[in-house]
file protein.txt (compact mmCIF, C-alpha atoms and all ligand atoms)
# COMPACT_ATOMS: atom_id res chain seq x y z
CA MET H 19 81.03 63.71 131.85
CA PRO H 20 80.09 67.34 131.24
CA ASP H 21 77.39 68.00 128.65
CA MET H 22 79.32 69.13 125.52
CA LYS H 23 76.34 71.14 124.22
CA GLU H 24 76.36 73.55 127.14
CA PRO H 25 78.90 76.33 126.79
CA PRO H 26 81.30 76.20 129.68
CA VAL H 27 80.93 78.74 132.44
CA LEU H 28 83.69 81.26 131.77
CA ALA H 29 85.85 82.87 134.36
CA PRO H 30 85.30 86.63 134.83
CA GLU H 31 88.54 87.63 133.09
CA THR H 32 87.56 85.54 130.05
CA ARG H 33 84.00 86.92 130.08
CA ILE H 34 85.19 90.51 129.86
CA VAL H 35 87.54 89.74 126.95
CA HIS H 36 84.91 87.74 125.03
CA HIS H 37 81.87 89.81 125.97
CA PRO H 38 79.01 89.16 123.52
CA TYR H 39 77.29 92.54 123.77
CA ILE H 40 77.18 94.59 120.58
CA PRO H 41 75.63 98.05 120.90
CA PRO H 42 72.80 98.99 118.55
CA ALA H 43 73.95 100.17 115.12
CA GLY H 44 73.12 103.58 113.72
CA PHE H 45 74.77 105.85 116.26
CA LEU H 46 75.14 109.31 114.72
CA ALA H 47 76.90 112.33 116.21
CA PRO H 48 78.75 115.35 114.83
CA GLN H 49 82.11 113.59 115.14
CA PRO H 50 82.75 110.07 113.81
CA GLY H 51 83.64 107.30 116.22
CA VAL H 52 87.21 106.35 116.92
CA PHE H 53 88.04 102.75 116.02
CA LYS H 54 91.33 101.36 117.26
CA ALA H 55 92.89 98.14 116.13
CA SER H 56 95.95 96.31 115.14
CA THR H 57 93.96 93.04 115.00
CA VAL H 58 90.71 92.93 113.07
CA ILE H 59 88.42 89.91 113.76
CA PHE H 60 87.10 87.77 110.90
CA PRO H 61 83.91 85.71 111.27
CA ASN H 62 85.47 82.63 109.60
CA VAL H 63 88.46 81.36 107.63
CA ALA H 64 86.75 81.96 104.28
CA ALA H 65 86.32 85.63 105.14
CA MET H 66 89.92 85.83 106.30
CA ARG H 67 91.16 84.37 103.01
CA SER H 68 88.91 86.35 100.70
CA ARG H 69 88.73 89.77 102.25
CA GLU H 70 90.26 92.50 100.08
CA TRP H 71 92.14 95.27 101.86
CA LYS H 72 93.08 97.34 98.82
CA ASP H 73 89.70 98.81 97.87
CA LYS H 74 88.27 99.71 101.30
CA SER H 75 85.50 97.12 100.91
CA GLY H 76 86.42 95.53 104.23
CA TYR H 77 88.83 95.46 107.14
CA THR H 78 91.81 93.13 107.46
CA TYR H 79 94.40 94.70 109.73
CA GLY H 80 94.77 98.03 111.53
CA LEU H 81 97.63 99.07 109.26
CA HIS H 82 95.32 98.80 106.24
CA GLY H 83 92.68 101.09 107.71
CA THR H 84 89.79 101.38 110.13
CA PRO H 85 86.47 103.23 109.84
CA THR H 86 88.21 106.21 111.45
CA THR H 87 91.04 106.43 108.93
CA PHE H 88 88.69 105.72 105.99
CA ILE H 89 86.49 108.65 107.07
CA LEU H 90 89.47 110.98 107.40
CA GLU H 91 90.73 109.92 103.97
CA GLU H 92 87.38 110.71 102.36
CA ARG H 93 87.15 114.12 104.04
CA LEU H 94 90.67 115.03 102.92
CA CYS H 95 89.75 114.01 99.36
CA ALA H 96 86.80 116.40 99.65
CA LEU H 97 89.11 119.18 100.87
CA GLU H 98 91.63 118.81 98.05
CA GLY H 99 89.36 117.65 95.24
CA GLY H 100 90.92 114.20 94.92
CA LEU H 101 89.44 110.72 94.73
CA GLN H 102 91.87 108.49 96.65
CA CYS H 103 93.98 109.12 99.75
CA VAL H 104 96.54 107.33 101.87
CA LEU H 105 97.45 108.55 105.36
CA VAL H 106 101.04 108.43 106.59
CA PRO H 107 102.73 109.30 109.90
CA SER H 108 104.13 112.68 108.76
CA GLY H 109 104.32 115.07 105.84
CA LEU H 110 107.84 113.89 105.16
CA ALA H 111 106.63 110.26 105.10
CA ALA H 112 104.15 111.34 102.40
CA ILE H 113 107.02 112.68 100.29
CA ALA H 114 109.00 109.48 100.90
CA ASN H 115 105.99 107.26 100.08
CA VAL H 116 105.58 108.95 96.68
CA ALA H 117 109.31 108.76 95.90
CA LEU H 118 109.65 105.09 96.85
CA ALA H 119 106.48 104.15 94.96
CA LEU H 120 107.48 105.79 91.68
CA LEU H 121 111.27 105.83 91.44
CA GLY H 122 113.86 103.14 90.77
CA PRO H 123 117.50 102.79 89.72
CA GLY H 124 118.35 104.97 86.70
CA ASP H 125 115.33 107.23 87.18
CA GLU H 126 115.50 110.98 87.68
CA VAL H 127 113.37 113.18 89.92
CA LEU H 128 113.20 116.98 89.57
CA ILE H 129 112.92 119.09 92.71
CA PRO H 130 112.48 122.88 92.93
CA ASP H 131 115.53 124.59 94.42
CA ASN H 132 113.36 126.22 97.14
CA ALA H 133 111.67 122.93 98.14
CA TYR H 134 111.05 121.76 101.70
CA GLY H 135 114.59 120.86 102.87
CA PRO H 136 114.09 117.37 104.32
CA GLY H 137 112.62 116.27 100.96
CA LYS H 138 115.92 117.23 99.31
CA ASP H 139 117.80 115.36 102.04
CA LEU H 140 115.82 112.22 101.18
CA ALA H 141 116.91 112.62 97.54
CA GLN H 142 120.55 113.10 98.56
CA GLY H 143 120.42 110.15 100.97
CA GLU H 144 118.21 107.14 100.32
CA LEU H 145 117.24 107.98 96.72
CA ALA H 146 120.86 108.48 95.67
CA ARG H 147 121.78 105.24 97.44
CA PHE H 148 119.09 103.40 95.46
CA GLY H 149 120.39 104.79 92.16
CA VAL H 150 117.87 107.60 91.69
CA ARG H 151 119.32 110.87 90.40
CA HIS H 152 117.80 114.14 91.54
CA VAL H 153 118.08 117.44 89.73
CA LEU H 154 117.22 120.83 91.21
CA TYR H 155 115.39 123.31 88.97
CA ASP H 156 114.65 127.02 89.19
CA PRO H 157 111.08 127.34 90.53
CA LEU H 158 110.67 130.81 88.98
CA ASP H 159 111.69 129.77 85.44
CA PRO H 160 109.45 127.22 83.70
CA ALA H 161 111.94 127.10 80.80
CA ASP H 162 114.58 125.83 83.23
CA LEU H 163 112.22 123.08 84.37
CA ALA H 164 111.43 122.16 80.74
CA ALA H 165 115.14 122.00 79.88
CA ARG H 166 115.90 119.61 82.73
CA ILE H 167 113.28 116.98 81.85
CA THR H 168 114.97 114.00 80.18
CA ALA H 169 113.90 110.55 79.02
CA ALA H 170 114.82 109.32 82.53
CA THR H 171 112.62 111.84 84.40
CA ARG H 172 109.87 109.94 86.21
CA LEU H 173 108.63 112.52 88.71
CA VAL H 174 108.56 116.30 89.08
CA TRP H 175 108.00 117.82 92.53
CA LEU H 176 106.17 121.13 92.70
CA GLU H 177 105.78 123.46 95.65
CA ALA H 178 103.65 126.62 95.58
CA PRO H 179 105.15 128.64 97.15
CA GLY H 180 108.53 127.42 98.48
CA SER H 181 108.06 126.97 102.20
CA VAL H 182 110.86 129.27 103.45
CA THR H 183 111.45 131.89 100.75
CA LEU H 184 107.84 131.81 99.54
CA GLU H 185 108.42 132.43 95.83
CA PHE H 186 105.19 131.52 94.04
CA PRO H 187 105.90 129.61 90.81
CA ASP H 188 103.87 129.61 87.58
CA LEU H 189 102.27 126.36 88.72
CA CYS H 190 99.91 126.11 85.74
CA GLU H 191 102.75 126.44 83.24
CA GLN H 192 104.89 123.95 85.20
CA VAL H 193 102.08 121.39 85.12
CA ARG H 194 101.44 122.03 81.42
CA ILE H 195 105.11 121.37 80.63
CA CYS H 196 105.15 118.11 82.62
CA ARG H 197 101.90 116.92 81.04
CA GLU H 198 103.23 117.60 77.56
CA ARG H 199 106.28 115.50 78.37
CA GLY H 200 104.24 112.78 80.06
CA VAL H 201 105.94 113.16 83.45
CA VAL H 202 104.08 112.59 86.71
CA THR H 203 103.68 115.72 88.86
CA ALA H 204 103.54 115.69 92.66
CA LEU H 205 102.66 118.91 94.47
CA ASP H 206 103.59 119.56 98.08
CA ASN H 207 100.29 121.28 98.86
CA THR H 208 100.93 121.99 102.55
CA TRP H 209 100.91 125.78 102.06
CA GLY H 210 97.70 125.82 99.98
CA ALA H 211 96.05 123.19 102.21
CA GLY H 212 93.29 122.65 99.62
CA LEU H 213 92.00 126.13 100.52
CA ALA H 214 94.12 128.66 98.58
CA PHE H 215 93.67 126.84 95.25
CA ALA H 216 92.40 123.52 93.92
CA PRO H 217 95.36 121.28 92.98
CA PHE H 218 93.20 119.03 90.78
CA ASP H 219 91.46 121.97 89.09
CA LEU H 220 94.18 124.53 88.41
CA ALA H 221 92.16 126.07 85.57
CA GLY H 222 89.52 126.79 88.20
CA ASP H 223 86.62 125.93 85.89
CA GLY H 224 85.68 122.59 87.43
CA SER H 225 86.86 120.73 84.32
CA GLY H 226 90.00 119.30 85.85
CA SER H 227 91.66 119.95 82.49
CA LEU H 228 94.78 121.13 84.29
CA ALA H 229 95.63 119.14 87.41
CA VAL H 230 98.57 117.79 89.32
CA ASP H 231 98.75 113.99 89.48
CA ILE H 232 99.53 113.80 93.19
CA SER H 233 98.92 116.21 96.06
CA VAL H 234 100.93 115.67 99.20
CA HIS H 235 99.86 117.47 102.38
CA ALA H 236 101.53 117.79 105.79
CA LEU H 237 98.38 117.48 107.91
CA THR H 238 100.75 118.37 110.75
CA LYS H 239 100.15 122.00 109.76
CA TYR H 240 96.67 123.47 109.18
CA PRO H 241 94.44 120.35 109.21
CA SER H 242 95.77 119.41 112.66
CA GLY H 243 95.92 123.04 113.69
CA GLY H 244 97.23 122.29 117.17
CA GLY H 245 100.98 121.84 116.80
CA ASP H 246 100.45 118.48 118.48
CA VAL H 247 99.99 115.93 115.66
CA LEU H 248 102.29 114.58 112.96
CA MET H 249 100.51 113.21 109.89
CA GLY H 250 100.56 113.39 106.11
CA SER H 251 98.36 112.48 103.18
CA VAL H 252 98.92 111.49 99.55
CA ILE H 253 95.91 112.29 97.36
CA THR H 254 95.35 111.30 93.73
CA ARG H 255 92.58 111.02 91.14
CA ASP H 256 94.00 108.17 89.07
CA PRO H 257 93.24 104.69 90.49
CA ALA H 258 96.37 103.07 89.00
CA LEU H 259 98.65 105.75 90.42
CA HIS H 260 96.90 105.48 93.79
CA MET H 261 97.40 101.71 93.82
CA LYS H 262 101.16 102.06 93.24
CA ILE H 263 101.36 104.46 96.19
CA LYS H 264 99.11 102.29 98.34
CA LEU H 265 101.10 99.10 97.72
CA THR H 266 104.33 100.86 98.73
CA HIS H 267 102.47 102.34 101.71
CA MET H 268 101.49 98.84 102.82
CA ARG H 269 104.95 97.34 102.27
CA LEU H 270 106.60 100.14 104.25
CA GLY H 271 104.07 99.85 107.07
CA LEU H 272 103.20 103.54 107.13
CA GLY H 273 100.00 103.43 109.21
CA VAL H 274 98.69 106.22 111.46
CA GLY H 275 97.31 106.00 114.99
CA ALA H 276 93.58 106.32 115.67
CA ASN H 277 94.02 109.06 118.27
CA ASP H 278 95.97 111.16 115.79
CA ALA H 279 93.34 110.56 113.10
CA GLU H 280 90.70 111.63 115.62
CA ALA H 281 92.62 114.83 116.42
CA VAL H 282 92.71 115.77 112.73
CA LEU H 283 89.02 114.85 112.26
CA ARG H 284 88.18 117.09 115.22
CA ALA H 285 90.13 120.07 113.85
CA LEU H 286 89.16 119.68 110.19
CA PRO H 287 85.76 121.47 110.31
CA SER H 288 87.45 124.71 111.41
CA VAL H 289 90.38 124.56 108.97
CA GLY H 290 88.86 127.14 106.60
CA LEU H 291 88.15 129.65 109.38
CA ARG H 292 91.58 129.19 110.91
CA TYR H 293 93.36 129.43 107.56
CA ARG H 294 91.58 132.72 106.85
CA ALA H 295 92.41 134.11 110.29
CA HIS H 296 96.11 133.19 109.94
CA ASP H 297 96.07 134.75 106.45
CA VAL H 298 94.50 138.08 107.46
CA ALA H 299 96.88 138.54 110.40
CA ALA H 300 99.99 137.47 108.46
CA ARG H 301 99.30 139.93 105.66
CA GLN H 302 98.85 142.83 108.13
CA LEU H 303 102.11 141.98 109.87
CA ALA H 304 103.96 141.48 106.57
CA LEU H 305 102.84 144.95 105.42
CA TRP H 306 103.88 146.46 108.73
CA MET H 307 107.30 144.77 108.59
CA GLN H 308 107.84 146.20 105.11
CA GLU H 309 107.89 149.70 106.67
CA GLN H 310 110.57 148.90 109.25
CA PRO H 311 114.08 150.30 108.61
CA ALA H 312 115.87 147.08 109.65
CA VAL H 313 113.98 145.10 107.01
CA ALA H 314 115.36 144.90 103.46
CA GLN H 315 112.64 142.68 101.91
CA VAL H 316 109.40 140.98 102.91
CA LEU H 317 108.53 137.70 101.19
CA HIS H 318 104.81 136.91 101.09
CA PRO H 319 103.20 135.76 97.84
CA ALA H 320 100.19 138.07 98.30
CA LEU H 321 102.39 141.15 98.69
CA PRO H 322 102.86 143.07 95.40
CA GLY H 323 106.55 142.94 94.52
CA SER H 324 107.16 139.63 96.28
CA PRO H 325 108.66 137.02 93.89
CA GLY H 326 105.86 135.31 91.97
CA TYR H 327 103.14 137.70 93.17
CA ALA H 328 101.46 137.66 89.74
CA HIS H 329 101.30 133.85 89.76
CA TRP H 330 99.76 133.89 93.24
CA GLN H 331 97.27 136.51 92.02
CA GLY H 332 96.38 134.34 89.03
CA LEU H 333 95.83 131.14 91.01
CA CYS H 334 94.64 132.30 94.46
CA GLY H 335 93.58 135.91 93.91
CA ALA H 336 89.86 135.36 93.33
CA ALA H 337 89.14 133.72 96.70
CA ASN H 338 87.62 135.66 99.60
CA ALA H 339 85.75 138.10 97.35
CA GLY H 340 88.90 139.13 95.50
CA GLU H 341 91.20 139.43 98.50
CA GLY H 342 92.74 136.09 97.64
CA ALA H 343 93.90 133.33 99.95
CA ALA H 344 97.29 132.61 101.46
CA ALA H 345 98.76 130.73 104.39
CA GLY H 346 99.91 132.58 107.52
CA LEU H 347 103.60 132.53 106.63
CA PHE H 348 105.97 135.29 105.64
CA SER H 349 109.72 135.73 105.65
CA VAL H 350 111.81 138.86 105.94
CA VAL H 351 115.34 139.56 104.80
CA MET H 352 116.96 141.69 107.48
CA ASP H 353 119.15 144.42 106.01
CA ALA H 354 122.72 143.20 105.33
CA ARG H 355 124.15 145.88 107.63
CA HIS H 356 122.82 143.81 110.53
CA GLY H 357 124.93 140.71 111.13
CA GLN H 358 123.75 137.22 112.06
CA ALA H 359 124.34 137.88 115.78
CA GLN H 360 122.02 140.91 115.71
CA VAL H 361 119.34 138.99 113.85
CA ASP H 362 119.66 136.11 116.32
CA ALA H 363 119.27 138.65 119.14
CA PHE H 364 116.08 139.92 117.46
CA CYS H 365 114.66 136.36 117.36
CA ASP H 366 115.66 135.81 120.99
CA ALA H 367 114.00 139.09 122.00
CA LEU H 368 110.58 138.05 120.67
CA ARG H 369 108.23 137.02 123.48
CA LEU H 370 105.06 135.81 121.74
CA PHE H 371 106.72 134.47 118.57
CA LYS H 372 108.40 131.32 119.89
CA LEU H 373 111.48 129.70 118.36
CA GLY H 374 110.31 126.47 116.78
CA TYR H 375 109.84 124.55 113.54
CA SER H 376 106.59 123.76 111.77
CA TRP H 377 103.52 126.00 111.50
CA GLY H 378 99.73 125.97 111.35
CA GLY H 379 99.09 125.90 115.09
CA PRO H 380 97.70 128.54 117.47
CA MET H 381 101.13 129.81 118.58
CA SER H 382 103.17 132.19 116.43
CA LEU H 383 106.64 130.89 115.57
CA VAL H 384 109.90 132.28 114.23
CA VAL H 385 112.96 130.63 112.67
CA PRO H 386 116.16 132.34 111.44
CA TYR H 387 117.56 130.58 108.36
CA GLN H 388 120.97 130.46 106.73
CA LEU H 389 119.94 130.68 103.12
CA SER H 390 123.37 130.04 101.61
CA ALA H 391 123.26 126.47 102.96
CA MET H 392 119.81 125.88 101.45
CA ARG H 393 120.31 126.74 97.78
CA SER H 394 122.26 125.26 94.89
CA ARG H 395 122.32 128.47 92.84
CA PRO H 396 122.31 132.26 93.30
CA VAL H 397 118.99 133.87 94.20
CA PRO H 398 119.13 137.35 92.63
CA HIS H 399 115.45 137.98 93.46
CA LEU H 400 116.33 137.94 97.17
CA ARG H 401 118.04 140.96 98.74
CA PRO H 402 121.29 140.28 100.59
CA GLY H 403 120.83 139.88 104.33
CA THR H 404 119.66 137.37 106.89
CA LEU H 405 116.40 135.50 106.43
CA VAL H 406 113.83 135.10 109.19
CA ARG H 407 110.55 133.19 108.71
CA PHE H 408 107.44 133.94 110.71
CA SER H 409 104.45 131.69 111.13
CA VAL H 410 101.50 133.70 112.42
CA GLY H 411 99.30 131.93 114.96
CA LEU H 412 95.91 132.86 116.36
CA GLU H 413 96.94 135.49 118.91
CA ALA H 414 95.51 139.04 118.71
CA LEU H 415 97.10 140.92 115.83
CA GLU H 416 98.03 144.01 117.87
CA ASP H 417 99.84 141.90 120.50
CA LEU H 418 101.92 140.29 117.75
CA ARG H 419 102.70 143.65 116.14
CA GLN H 420 103.86 145.08 119.46
CA ASP H 421 106.00 141.99 120.04
CA LEU H 422 107.74 142.52 116.68
CA GLN H 423 108.16 146.21 117.49
CA GLN H 424 109.78 145.68 120.89
CA ALA H 425 112.14 143.03 119.49
CA LEU H 426 113.14 145.24 116.53
CA HIS H 427 113.81 148.07 118.93
CA GLY H 428 115.78 145.86 121.30
CA ALA H 429 117.95 144.27 118.61
CA PHE H 430 118.38 147.05 116.05
CA GLY H 431 117.50 150.18 118.02
CA THR H 432 114.85 151.05 115.42
CA ALA H 433 111.05 151.18 115.27
C1 LIG U 501 106.09 120.61 107.45
C2 LIG U 501 106.20 120.35 106.02
C3 LIG U 501 106.41 119.08 105.52
C4 LIG U 501 106.66 117.88 106.42
O1 LIG U 501 105.67 117.66 107.36
P1 LIG U 501 106.02 116.82 108.70
O2 LIG U 501 104.70 116.33 109.14
O3 LIG U 501 106.66 117.81 109.63
O4 LIG U 501 106.95 115.74 108.30
C5 LIG U 501 106.46 118.90 104.16
N1 LIG U 501 106.31 119.94 103.33
C6 LIG U 501 106.12 121.18 103.76
C7 LIG U 501 105.95 122.28 102.78
C8 LIG U 501 106.05 121.44 105.12
O5 LIG U 501 105.87 122.68 105.54
call {"tool": "encode", "arguments": {"input": "protein.txt", "output": "structure tokens"}}
result
Amino acid sequence: MPDMKEPPVLAPETRIVHHPYIPPAGFLAPQPGVFKASTVIFPNVAAMRSREWKDKSGYTYGLHGTPTTFILEERLCALEGGLQCVLVPSGLAAIANVALALLGPGDEVLIPDNAYGPGKDLAQGELARFGVRHVLYDPLDPADLAARITAATRLVWLEAPGSVTLEFPDLCEQVRICRERGVVTALDNTWGAGLAFAPFDLAGDGSGSLAVDISVHALTKYPSGGGDVLMGSVITRDPALHMKIKLTHMRLGLGVGANDAEAVLRALPSVGLRYRAHDVAARQLALWMQEQPAVAQVLHPALPGSPGYAHWQGLCGAANAGEGAAAGLFSVVMDARHGQAQVDAFCDALRLFKLGYSWGGPMSLVVPYQLSAMRSRPVPHLRPGTLVRFSVGLEALEDLRQDLQQALHGAFGTA
């Protein structure tokens, strides 16, 4: 009979799976470690039964968080001025997580008419199917927003500025109206990225007296910075609101992968420098485009005359020693005398600006848009013509300017 007190001699394949070595604690380095798990091991049944996953006091399952995702959540809270964060697999999943956490049959959600398109599609698809009504409001008219809030309104989406036409709303007034009416506000803060303005301190005095309730961020854009990661965050300051979002997050299974979290953690320290570089270059190119004969209108919130410029100035104008802060996006309306085919040829002629969706990475991108299909109402503040959006990357400014020049010349015979 073998001696039952002696542990059995394990085969090599078992020994490598159940290896007892634990490295010394206290490892510190500039970047946090990357912890990967679906399964998390408990020391005993009591721990398994009692461990709480909701408050980050312990680990239960990879979907509920690891040290890597907890660290990223805390750093994103620091970036945006929030207190709680959930990570989701894309910016759109963040929008969906908020909607599904807060809305039910008979409820209404208000969405700005210039909002990120796939968010509207969610409202027209799943939300409508689940009995949630959505109403589009004019982002440039706070009175229109106020008039559309009803007893059934549970959530108001805000976007500053709209991500294609870049009108900057009177965000402070919009939030004031919603607060007065007791309606939850959710800001799509992808453009501001926590850098252009503080979503939880819109008064800018540190008091938090004027704040959105929820800030949603497509980390896919500037925080990732590489054009190679999809991720989103939902940040709040109210524990009860956070818990609603977190419970829905858990029930929908919206976890993120450790390698993606690592990529965002790696890029996050340079987000401020990159954002500023994109901003400086985009403004130069926007100004230059304004002088070109083929261009009827340039849309960039920091450009005097662009829709909502004064609101941008009020909220973001003090940053960077009075130069203000803005993302590296601008759109142009090509003069109506040039048809869609000519504008398409202009986009095709660009060599450095690549045709592709999204933004925030090192490579400059361009997308022609058909505005008529994107709006529910007339847009008198936009000149007639064809809309093209540019996302300015990290290439040398003069190379980008020359690229625009050669494409304008090729397509329109000007400049
Ligand atoms: C890109 C984007 C999103 C969605 O992000 P994904 O990660 O691509 O799903 C949401 N809102 C805005 C304003 C965006 O630009």
call {"tool": "atom_distance", "arguments": {"input": "protein.txt", "atom1": "CA of Ser225 (chain H)", "atom2": "CA of Pro157 (chain H)"}}
result
25.9 Å
call {"tool": "residues_near_ligand", "arguments": {"input": "protein.txt", "ligand": "ligand LIG 501 (chain U)", "cutoff": "6 Å", "atoms": "only C-alpha atoms and all ligand atoms", "output": "list in words"}}
result
Ser108, Gly109, Leu110, Tyr134, Ser181, Asp206, Thr208, Ala236, Thr238, Leu248, Met249, Gly250 and Ser376 of chain H
call {"tool": "residues_around", "arguments": {"input": "protein.txt", "residues": "Lys54 (chain H)", "least_positions_apart": "4", "cutoff": "9 Å", "atoms": "only C-alpha atoms", "output": "list in words"}}
result
Gly80, Thr84, Thr86, Gly275, Ala276 and Asn277 of chain H
call {"tool": "residues_around", "arguments": {"input": "protein.txt", "residues": "Gly100 (chain H)", "least_positions_apart": "3", "cutoff": "6 Å", "atoms": "all atoms listed in the file", "output": "NGL selection string"}}
result
:H and (95 or 253-255)
call {"tool": "closest_residue", "arguments": {"input": "protein.txt", "among": "H:Arg401, H:Tyr293, H:Gly431, H:Ile232", "to": "Leu120 (chain H)", "atoms": "only C-alpha atoms"}}
result
H:Ile232
